[in-house]
Amino acid sequence: MSAGPPATNSARNATRDGISDTGAQLARESTGIAYVSPWRIDIVRRAGAARLVSDAAIGRAVAGALGAAGAPSPASVTVVLTDDLELADLNHLHMGIDGPTDVLSFPMLPPEAFPASPVAAGRSGGSQRTRTHIGDIAISVERAIEQAEEGRGGQTGDVRWSPADELRLLVTHGTLHLCGFDHAVPADATAMRADERGLLEANR
């Protein structure tokens, strides 16, 4: 389902404050936790969301991106798998944009906390004793399926592959956004796409 203009293939960052506005809703229907040392990935599946990939596969995708970004550890990330309606609500609330999108990231830490992010090259993320929550990712499984089947996937809008691969890409893309990666300019977008494809291959 769609409201307003067509959804885009671009993930957009939003503030952590926004995710807490829907905290009660996001806390429901949690079906699993994937531990990929030193990270914990909490996975929330909304009722009706198709199960395209396992919790373990989602955990590997998140962990791969966190490792590539040099995320501080131990840490946690929450992934919410939902539908167009919820993404449209979040998109309007936090971005002021009508209509659904495929993935939204709600970072808790500044980009400088990740040594491999474009704005923090050369820093060291390091380890710590307490587990830090890096942020939340909300993904429309409905949109992942549609984009894959219509050949509008890959975050480039021209890839036809399985819905499972599209969902794994969106998880990776959203996690990189949590870690300070962006694609506001063409050079950054090209680099981010290359990072995503490499991570997808490495973390199957």
# chains A, B, ... in the order shown; residues from 1 in each chain; ligands from 1
>>> closest_atom_pairs(of="range 46-86 of chain A", to="range 36-39 of chain A", cutoff="12 Å", atoms="only C-alpha atoms", output="tab-separated table")
residue	atom	partner	partner_atom	distance
A:Asp55	CA	A:Val36	CA	11.1
A:Ala56	CA	A:Val36	CA	8.7
A:Ala57	CA	A:Val36	CA	10.5
A:Ile58	CA	A:Val36	CA	10.3
A:Gly59	CA	A:Val36	CA	6.6
A:Arg60	CA	A:Val36	CA	6.9
A:Ala61	CA	A:Val36	CA	10.0
A:Val62	CA	A:Trp39	CA	8.9
A:Ala63	CA	A:Val36	CA	6.4
A:Gly64	CA	A:Val36	CA	9.3
A:Ala65	CA	A:Trp39	CA	11.2
A:Leu66	CA	A:Trp39	CA	8.5
A:Gly67	CA	A:Trp39	CA	9.5
A:Gly70	CA	A:Pro38	CA	11.8
A:Ala71	CA	A:Trp39	CA	9.5
A:Pro72	CA	A:Pro38	CA	9.3
A:Ser73	CA	A:Pro38	CA	6.0
A:Pro74	CA	A:Pro38	CA	4.9
A:Ala75	CA	A:Trp39	CA	5.1
A:Ser76	CA	A:Trp39	CA	5.5
A:Val77	CA	A:Trp39	CA	7.9
A:Thr78	CA	A:Trp39	CA	10.9
>>> write_last_selection(atoms="N, CA and C atoms", output="PDB file, in the first residue's frame")
ATOM      1  N   ASP A  55      16.786 -15.218  11.143  1.00  0.00           N
ATOM      2  CA  ASP A  55      17.378 -14.279  12.089  1.00  0.00           C
ATOM      3  C   ASP A  55      18.901 -14.317  11.994  1.00  0.00           C
ATOM      4  N   ALA A  56      19.452 -15.527  11.803  1.00  0.00           N
ATOM      5  CA  ALA A  56      20.906 -15.659  11.707  1.00  0.00           C
ATOM      6  C   ALA A  56      21.458 -14.875  10.519  1.00  0.00           C
ATOM      7  N   ALA A  57      20.748 -14.905   9.380  1.00  0.00           N
ATOM      8  CA  ALA A  57      21.205 -14.168   8.197  1.00  0.00           C
ATOM      9  C   ALA A  57      21.148 -12.665   8.437  1.00  0.00           C
ATOM     10  N   ILE A  58      20.108 -12.208   9.109  1.00  0.00           N
ATOM     11  CA  ILE A  58      20.025 -10.785   9.447  1.00  0.00           C
ATOM     12  C   ILE A  58      21.162 -10.417  10.383  1.00  0.00           C
ATOM     13  N   GLY A  59      21.433 -11.263  11.360  1.00  0.00           N
ATOM     14  CA  GLY A  59      22.527 -11.011  12.284  1.00  0.00           C
ATOM     15  C   GLY A  59      23.860 -10.905  11.571  1.00  0.00           C
ATOM     16  N   ARG A  60      24.119 -11.808  10.618  1.00  0.00           N
ATOM     17  CA  ARG A  60      25.380 -11.754   9.867  1.00  0.00           C
ATOM     18  C   ARG A  60      25.494 -10.470   9.060  1.00  0.00           C
ATOM     19  N   ALA A  61      24.392 -10.032   8.458  1.00  0.00           N
ATOM     20  CA  ALA A  61      24.421  -8.808   7.658  1.00  0.00           C
ATOM     21  C   ALA A  61      24.727  -7.592   8.519  1.00  0.00           C
ATOM     22  N   VAL A  62      24.068  -7.505   9.673  1.00  0.00           N
ATOM     23  CA  VAL A  62      24.324  -6.379  10.580  1.00  0.00           C
ATOM     24  C   VAL A  62      25.747  -6.429  11.095  1.00  0.00           C
ATOM     25  N   ALA A  63      26.178  -7.606  11.559  1.00  0.00           N
ATOM     26  CA  ALA A  63      27.521  -7.734  12.127  1.00  0.00           C
ATOM     27  C   ALA A  63      28.599  -7.414  11.106  1.00  0.00           C
ATOM     28  N   GLY A  64      28.397  -7.840   9.861  1.00  0.00           N
ATOM     29  CA  GLY A  64      29.378  -7.546   8.828  1.00  0.00           C
ATOM     30  C   GLY A  64      29.554  -6.054   8.608  1.00  0.00           C
ATOM     31  N   ALA A  65      28.431  -5.329   8.583  1.00  0.00           N
ATOM     32  CA  ALA A  65      28.496  -3.878   8.387  1.00  0.00           C
ATOM     33  C   ALA A  65      29.098  -3.180   9.602  1.00  0.00           C
ATOM     34  N   LEU A  66      28.741  -3.645  10.807  1.00  0.00           N
ATOM     35  CA  LEU A  66      29.316  -3.045  12.012  1.00  0.00           C
ATOM     36  C   LEU A  66      30.825  -3.254  12.048  1.00  0.00           C
ATOM     37  N   GLY A  67      31.257  -4.448  11.685  1.00  0.00           N
ATOM     38  CA  GLY A  67      32.692  -4.723  11.671  1.00  0.00           C
ATOM     39  C   GLY A  67      33.424  -3.868  10.658  1.00  0.00           C
ATOM     40  N   GLY A  70      33.972  -0.447  11.910  1.00  0.00           N
ATOM     41  CA  GLY A  70      34.746  -0.301  13.136  1.00  0.00           C
ATOM     42  C   GLY A  70      33.886   0.113  14.310  1.00  0.00           C
ATOM     43  N   ALA A  71      32.674  -0.434  14.384  1.00  0.00           N
ATOM     44  CA  ALA A  71      31.742  -0.048  15.446  1.00  0.00           C
ATOM     45  C   ALA A  71      32.303  -0.385  16.820  1.00  0.00           C
ATOM     46  N   PRO A  72      32.009   0.452  17.822  1.00  0.00           N
ATOM     47  CA  PRO A  72      32.432   0.128  19.184  1.00  0.00           C
ATOM     48  C   PRO A  72      31.765  -1.152  19.650  1.00  0.00           C
ATOM     49  N   SER A  73      32.434  -1.862  20.514  1.00  0.00           N
ATOM     50  CA  SER A  73      31.881  -3.127  20.979  1.00  0.00           C
ATOM     51  C   SER A  73      32.154  -3.304  22.472  1.00  0.00           C
ATOM     52  N   PRO A  74      31.302  -4.110  23.136  1.00  0.00           N
ATOM     53  CA  PRO A  74      30.098  -4.770  22.615  1.00  0.00           C
ATOM     54  C   PRO A  74      28.987  -3.758  22.387  1.00  0.00           C
ATOM     55  N   ALA A  75      28.087  -4.094  21.481  1.00  0.00           N
ATOM     56  CA  ALA A  75      27.017  -3.156  21.153  1.00  0.00           C
ATOM     57  C   ALA A  75      25.812  -3.924  20.624  1.00  0.00           C
ATOM     58  N   SER A  76      24.697  -3.231  20.478  1.00  0.00           N
ATOM     59  CA  SER A  76      23.470  -3.851  19.980  1.00  0.00           C
ATOM     60  C   SER A  76      22.826  -2.981  18.914  1.00  0.00           C
ATOM     61  N   VAL A  77      22.031  -3.639  18.070  1.00  0.00           N
ATOM     62  CA  VAL A  77      21.237  -2.985  17.032  1.00  0.00           C
ATOM     63  C   VAL A  77      19.882  -3.675  17.015  1.00  0.00           C
ATOM     64  N   THR A  78      18.818  -2.907  16.795  1.00  0.00           N
ATOM     65  CA  THR A  78      17.482  -3.480  16.625  1.00  0.00           C
ATOM     66  C   THR A  78      17.056  -3.340  15.174  1.00  0.00           C
TER      67      THR A  78
END
>>> select_by_dssp(residues="range 5-203 of chain A", states="strand (DSSP E or B)", output="ChimeraX atom specification")
/A:12-13,30-36,39-45,73-82,103-107,127-140,153,159
>>> closest_residue(among="A:Arg160, A:His173, A:Arg40, A:Arg152", to="Ile139 in chain A", atoms="only C-alpha atoms")
A:His173
>>> residues_around(residues="Arg197 in chain A", least_positions_apart="4", cutoff="10 Å", atoms="only C-alpha atoms", output="list of chain:residue names")
A:Gly154, A:Leu169, A:Thr172, A:His173, A:Met192, A:Arg193, A:Glu201, A:Ala202
>>> write_last_selection(atoms="C-alpha atoms", output="PDB file, in the first residue's frame")
ATOM      1  CA  GLY A 154      20.026  -2.867  -5.227  1.00  0.00           C
ATOM      2  CA  LEU A 169      20.945  -5.399   1.192  1.00  0.00           C
ATOM      3  CA  THR A 172      23.337  -3.808   5.340  1.00  0.00           C
ATOM      4  CA  HIS A 173      22.449  -0.379   3.963  1.00  0.00           C
ATOM      5  CA  MET A 192      28.663   2.990  -0.319  1.00  0.00           C
ATOM      6  CA  ARG A 193      27.220   0.774  -3.071  1.00  0.00           C
ATOM      7  CA  GLU A 201      29.115 -11.430  -0.681  1.00  0.00           C
ATOM      8  CA  ALA A 202      31.213 -11.807   2.464  1.00  0.00           C
TER       9      ALA A 202
END
>>> residues_around(residues="Gly174 in chain A", least_positions_apart="4", cutoff="7 Å", atoms="only C-alpha atoms", output="PDB file with N, CA and C atoms, in the first residue's frame")
ATOM      1  N   ALA A  11      17.687   5.010   1.506  1.00  0.00           N
ATOM      2  CA  ALA A  11      17.506   5.005   2.954  1.00  0.00           C
ATOM      3  C   ALA A  11      17.729   6.412   3.459  1.00  0.00           C
ATOM      4  N   VAL A 103      13.794   1.673   3.810  1.00  0.00           N
ATOM      5  CA  VAL A 103      14.523   1.493   5.064  1.00  0.00           C
ATOM      6  C   VAL A 103      14.795   2.847   5.698  1.00  0.00           C
ATOM      7  N   LEU A 104      14.665   2.906   6.995  1.00  0.00           N
ATOM      8  CA  LEU A 104      15.002   4.093   7.774  1.00  0.00           C
ATOM      9  C   LEU A 104      15.935   3.683   8.906  1.00  0.00           C
ATOM     10  N   SER A 105      16.931   4.513   9.148  1.00  0.00           N
ATOM     11  CA  SER A 105      17.892   4.252  10.220  1.00  0.00           C
ATOM     12  C   SER A 105      17.775   5.318  11.291  1.00  0.00           C
ATOM     13  N   ILE A 137      16.817   0.056  13.073  1.00  0.00           N
ATOM     14  CA  ILE A 137      16.563   0.078  11.631  1.00  0.00           C
ATOM     15  C   ILE A 137      15.141  -0.427  11.404  1.00  0.00           C
ATOM     16  N   LEU A 170      19.090  -4.217   2.251  1.00  0.00           N
ATOM     17  CA  LEU A 170      18.504  -3.136   3.041  1.00  0.00           C
ATOM     18  C   LEU A 170      18.992  -3.174   4.486  1.00  0.00           C
ATOM     19  N   LEU A 178      23.565   3.718  10.189  1.00  0.00           N
ATOM     20  CA  LEU A 178      23.741   3.868  11.642  1.00  0.00           C
ATOM     21  C   LEU A 178      25.181   4.241  11.982  1.00  0.00           C
TER      22      LEU A 178
END
>>> residues_around(residues="Ser162 in chain A", least_positions_apart="2", cutoff="9 Å", atoms="only C-alpha atoms", output="number ranges by chain")
A: 145, 148-149, 160, 164-167
>>> residues_around(residues="Gly151 in chain A", least_positions_apart="5", cutoff="9 Å", atoms="only C-alpha atoms", output="ChimeraX atom specification")
/A:146,157-161
>>> closest_atom_pairs(of="range 62-142 of chain A", to="range 49-53 of chain A", cutoff="7 Å", atoms="only C-alpha atoms", output="Markdown table")
| residue | atom | partner | partner_atom | distance |
| --- | --- | --- | --- | --- |
| A:Leu81 | CA | A:Ala49 | CA | 6.7 |
| A:Thr82 | CA | A:Ala49 | CA | 5.7 |
| A:Asp83 | CA | A:Ala49 | CA | 6.7 |
| A:Val141 | CA | A:Ala49 | CA | 6.3 |
>>> write_last_selection(atoms="N, CA and C atoms", output="PDB file, in the first residue's frame")
ATOM      1  N   LEU A  81      11.231  -5.466  11.115  1.00  0.00           N
ATOM      2  CA  LEU A  81      10.760  -5.868   9.792  1.00  0.00           C
ATOM      3  C   LEU A  81       9.255  -5.664   9.750  1.00  0.00           C
ATOM      4  N   THR A  82       8.807  -4.739   8.905  1.00  0.00           N
ATOM      5  CA  THR A  82       7.417  -4.303   8.948  1.00  0.00           C
ATOM      6  C   THR A  82       6.882  -4.119   7.532  1.00  0.00           C
ATOM      7  N   ASP A  83       6.008  -3.124   7.321  1.00  0.00           N
ATOM      8  CA  ASP A  83       5.362  -2.949   6.027  1.00  0.00           C
ATOM      9  C   ASP A  83       5.408  -1.491   5.584  1.00  0.00           C
ATOM     10  N   VAL A 141       9.350  -4.932   4.531  1.00  0.00           N
ATOM     11  CA  VAL A 141       9.517  -6.192   3.809  1.00  0.00           C
ATOM     12  C   VAL A 141       8.667  -6.169   2.542  1.00  0.00           C
TER      13      VAL A 141
END
>>> select_by_dssp(residues="range 38-146 of chain A", states="helix (DSSP H, G or I)", output="ChimeraX atom specification")
/A:55-69,84-95,111-113,141-146
>>> write_last_selection(atoms="N, CA and C atoms", output="mmCIF file, in the first residue's frame")
data_model
loop_
_atom_site.group_PDB
_atom_site.id
_atom_site.type_symbol
_atom_site.label_atom_id
_atom_site.label_comp_id
_atom_site.auth_asym_id
_atom_site.auth_seq_id
_atom_site.Cartn_x
_atom_site.Cartn_y
_atom_site.Cartn_z
ATOM 1 N N ASP A 55 16.786 -15.218 11.143
ATOM 2 C CA ASP A 55 17.378 -14.279 12.089
ATOM 3 C C ASP A 55 18.901 -14.317 11.994
ATOM 4 N N ALA A 56 19.452 -15.527 11.803
ATOM 5 C CA ALA A 56 20.906 -15.659 11.707
ATOM 6 C C ALA A 56 21.458 -14.875 10.519
ATOM 7 N N ALA A 57 20.748 -14.905 9.380
ATOM 8 C CA ALA A 57 21.205 -14.168 8.197
ATOM 9 C C ALA A 57 21.148 -12.665 8.437
ATOM 10 N N ILE A 58 20.108 -12.208 9.109
ATOM 11 C CA ILE A 58 20.025 -10.785 9.447
ATOM 12 C C ILE A 58 21.162 -10.417 10.383
ATOM 13 N N GLY A 59 21.433 -11.263 11.360
ATOM 14 C CA GLY A 59 22.527 -11.011 12.284
ATOM 15 C C GLY A 59 23.860 -10.905 11.571
ATOM 16 N N ARG A 60 24.119 -11.808 10.618
ATOM 17 C CA ARG A 60 25.380 -11.754 9.867
ATOM 18 C C ARG A 60 25.494 -10.470 9.060
ATOM 19 N N ALA A 61 24.392 -10.032 8.458
ATOM 20 C CA ALA A 61 24.421 -8.808 7.658
ATOM 21 C C ALA A 61 24.727 -7.592 8.519
ATOM 22 N N VAL A 62 24.068 -7.505 9.673
ATOM 23 C CA VAL A 62 24.324 -6.379 10.580
ATOM 24 C C VAL A 62 25.747 -6.429 11.095
ATOM 25 N N ALA A 63 26.178 -7.606 11.559
ATOM 26 C CA ALA A 63 27.521 -7.734 12.127
ATOM 27 C C ALA A 63 28.599 -7.414 11.106
ATOM 28 N N GLY A 64 28.397 -7.840 9.861
ATOM 29 C CA GLY A 64 29.378 -7.546 8.828
ATOM 30 C C GLY A 64 29.554 -6.054 8.608
ATOM 31 N N ALA A 65 28.431 -5.329 8.583
ATOM 32 C CA ALA A 65 28.496 -3.878 8.387
ATOM 33 C C ALA A 65 29.098 -3.180 9.602
ATOM 34 N N LEU A 66 28.741 -3.645 10.807
ATOM 35 C CA LEU A 66 29.316 -3.045 12.012
ATOM 36 C C LEU A 66 30.825 -3.254 12.048
ATOM 37 N N GLY A 67 31.257 -4.448 11.685
ATOM 38 C CA GLY A 67 32.692 -4.723 11.671
ATOM 39 C C GLY A 67 33.424 -3.868 10.658
ATOM 40 N N ALA A 68 32.834 -3.711 9.472
ATOM 41 C CA ALA A 68 33.461 -2.903 8.430
ATOM 42 C C ALA A 68 33.572 -1.447 8.840
ATOM 43 N N ALA A 69 32.607 -0.979 9.641
ATOM 44 C CA ALA A 69 32.606 0.416 10.077
ATOM 45 C C ALA A 69 33.454 0.634 11.324
ATOM 46 N N ASP A 84 4.852 -1.239 4.396
ATOM 47 C CA ASP A 84 4.841 0.113 3.829
ATOM 48 C C ASP A 84 4.119 1.108 4.722
ATOM 49 N N LEU A 85 3.026 0.671 5.355
ATOM 50 C CA LEU A 85 2.228 1.589 6.160
ATOM 51 C C LEU A 85 3.050 2.161 7.311
ATOM 52 N N GLU A 86 3.766 1.316 8.023
ATOM 53 C CA GLU A 86 4.562 1.814 9.141
ATOM 54 C C GLU A 86 5.729 2.669 8.659
ATOM 55 N N LEU A 87 6.371 2.255 7.552
ATOM 56 C CA LEU A 87 7.465 3.078 7.018
ATOM 57 C C LEU A 87 6.959 4.428 6.542
ATOM 58 N N ALA A 88 5.744 4.469 5.979
ATOM 59 C CA ALA A 88 5.170 5.743 5.566
ATOM 60 C C ALA A 88 4.932 6.643 6.772
ATOM 61 N N ASP A 89 4.437 6.063 7.858
ATOM 62 C CA ASP A 89 4.210 6.850 9.080
ATOM 63 C C ASP A 89 5.529 7.411 9.605
ATOM 64 N N LEU A 90 6.554 6.561 9.675
ATOM 65 C CA LEU A 90 7.853 7.006 10.175
ATOM 66 C C LEU A 90 8.482 8.044 9.245
ATOM 67 N N ASN A 91 8.333 7.812 7.945
ATOM 68 C CA ASN A 91 8.910 8.736 6.961
ATOM 69 C C ASN A 91 8.281 10.123 7.093
ATOM 70 N N HIS A 92 6.978 10.150 7.291
ATOM 71 C CA HIS A 92 6.287 11.438 7.452
ATOM 72 C C HIS A 92 6.672 12.104 8.777
ATOM 73 N N LEU A 93 6.709 11.306 9.827
ATOM 74 C CA LEU A 93 6.978 11.847 11.159
ATOM 75 C C LEU A 93 8.389 12.400 11.283
ATOM 76 N N HIS A 94 9.365 11.689 10.760
ATOM 77 C CA HIS A 94 10.764 12.059 11.001
ATOM 78 C C HIS A 94 11.442 12.769 9.848
ATOM 79 N N MET A 95 10.971 12.531 8.622
ATOM 80 C CA MET A 95 11.616 13.141 7.466
ATOM 81 C C MET A 95 10.733 14.195 6.798
ATOM 82 N N PRO A 111 28.571 9.991 13.949
ATOM 83 C CA PRO A 111 29.420 9.317 12.965
ATOM 84 C C PRO A 111 30.871 9.169 13.418
ATOM 85 N N GLU A 112 31.336 10.093 14.245
ATOM 86 C CA GLU A 112 32.724 10.057 14.698
ATOM 87 C C GLU A 112 33.027 8.835 15.558
ATOM 88 N N ALA A 113 31.988 8.134 16.023
ATOM 89 C CA ALA A 113 32.202 6.942 16.847
ATOM 90 C C ALA A 113 32.649 5.742 16.028
ATOM 91 N N VAL A 141 9.350 -4.932 4.531
ATOM 92 C CA VAL A 141 9.517 -6.192 3.809
ATOM 93 C C VAL A 141 8.667 -6.169 2.542
ATOM 94 N N GLU A 142 7.510 -5.561 2.650
ATOM 95 C CA GLU A 142 6.613 -5.408 1.499
ATOM 96 C C GLU A 142 7.324 -4.706 0.344
ATOM 97 N N ARG A 143 8.045 -3.640 0.658
ATOM 98 C CA ARG A 143 8.747 -2.879 -0.385
ATOM 99 C C ARG A 143 9.955 -3.644 -0.899
ATOM 100 N N ALA A 144 10.636 -4.376 -0.023
ATOM 101 C CA ALA A 144 11.776 -5.186 -0.471
ATOM 102 C C ALA A 144 11.330 -6.195 -1.519
ATOM 103 N N ILE A 145 10.199 -6.852 -1.284
ATOM 104 C CA ILE A 145 9.679 -7.833 -2.244
ATOM 105 C C ILE A 145 9.340 -7.159 -3.567
ATOM 106 N N GLU A 146 8.634 -6.048 -3.485
ATOM 107 C CA GLU A 146 8.203 -5.343 -4.700
ATOM 108 C C GLU A 146 9.397 -4.858 -5.518
#
>>> decode(residues="range 53-128 of chain A", atoms="C-alpha atoms", output="CSV table (one decimal), in the first residue's frame")
chain,number,residue,atom,x,y,z
A,53,VAL,CA,15.5,-14.7,5.6
A,54,SER,CA,16.5,-16.2,8.9
A,55,ASP,CA,17.4,-14.3,12.1
A,56,ALA,CA,20.9,-15.7,11.7
A,57,ALA,CA,21.2,-14.2,8.2
A,58,ILE,CA,20.0,-10.8,9.4
A,59,GLY,CA,22.5,-11.0,12.3
A,60,ARG,CA,25.4,-11.8,9.9
A,61,ALA,CA,24.4,-8.8,7.7
A,62,VAL,CA,24.3,-6.4,10.6
A,63,ALA,CA,27.5,-7.7,12.1
A,64,GLY,CA,29.4,-7.5,8.8
A,65,ALA,CA,28.5,-3.9,8.4
A,66,LEU,CA,29.3,-3.0,12.0
A,67,GLY,CA,32.7,-4.7,11.7
A,68,ALA,CA,33.5,-2.9,8.4
A,69,ALA,CA,32.6,0.4,10.1
A,70,GLY,CA,34.7,-0.3,13.1
A,71,ALA,CA,31.7,0.0,15.4
A,72,PRO,CA,32.4,0.1,19.2
A,73,SER,CA,31.9,-3.1,21.0
A,74,PRO,CA,30.1,-4.8,22.6
A,75,ALA,CA,27.0,-3.2,21.2
A,76,SER,CA,23.5,-3.9,20.0
A,77,VAL,CA,21.2,-3.0,17.0
A,78,THR,CA,17.5,-3.5,16.6
A,79,VAL,CA,16.0,-4.4,13.2
A,80,VAL,CA,12.3,-4.0,12.8
A,81,LEU,CA,10.8,-5.9,9.8
A,82,THR,CA,7.4,-4.3,8.9
A,83,ASP,CA,5.4,-2.9,6.0
A,84,ASP,CA,4.8,0.1,3.8
A,85,LEU,CA,2.2,1.6,6.2
A,86,GLU,CA,4.6,1.8,9.1
A,87,LEU,CA,7.5,3.1,7.0
A,88,ALA,CA,5.2,5.7,5.6
A,89,ASP,CA,4.2,6.8,9.1
A,90,LEU,CA,7.9,7.0,10.2
A,91,ASN,CA,8.9,8.7,7.0
A,92,HIS,CA,6.3,11.4,7.5
A,93,LEU,CA,7.0,11.8,11.2
A,94,HIS,CA,10.8,12.1,11.0
A,95,MET,CA,11.6,13.1,7.5
A,96,GLY,CA,8.5,15.2,6.6
A,97,ILE,CA,8.1,13.1,3.4
A,98,ASP,CA,4.8,11.5,2.4
A,99,GLY,CA,4.8,7.9,1.3
A,100,PRO,CA,6.7,4.9,2.3
A,101,THR,CA,10.4,4.2,1.8
A,102,ASP,CA,12.3,0.9,2.0
A,103,VAL,CA,14.5,1.5,5.1
A,104,LEU,CA,15.0,4.1,7.8
A,105,SER,CA,17.9,4.3,10.2
A,106,PHE,CA,17.7,5.8,13.7
A,107,PRO,CA,21.3,6.2,14.9
A,108,MET,CA,22.2,6.6,18.6
A,109,LEU,CA,25.9,7.5,18.1
A,110,PRO,CA,27.6,10.3,16.2
A,111,PRO,CA,29.4,9.3,13.0
A,112,GLU,CA,32.7,10.1,14.7
A,113,ALA,CA,32.2,6.9,16.8
A,114,PHE,CA,32.9,4.7,13.8
A,115,PRO,CA,36.5,4.9,12.5
A,116,ALA,CA,35.7,3.5,9.1
A,117,SER,CA,32.9,6.0,8.4
A,118,PRO,CA,33.7,8.7,5.8
A,119,VAL,CA,33.8,11.4,8.5
A,120,ALA,CA,35.9,9.5,11.0
A,121,ALA,CA,38.7,7.8,9.0
A,122,GLY,CA,41.7,7.0,11.2
A,123,ARG,CA,39.9,6.8,14.5
A,124,SER,CA,39.7,3.7,16.6
A,125,GLY,CA,36.4,2.4,17.7
A,126,GLY,CA,37.9,0.0,20.3
A,127,SER,CA,36.2,-2.1,22.9
A,128,GLN,CA,34.4,-1.2,26.1
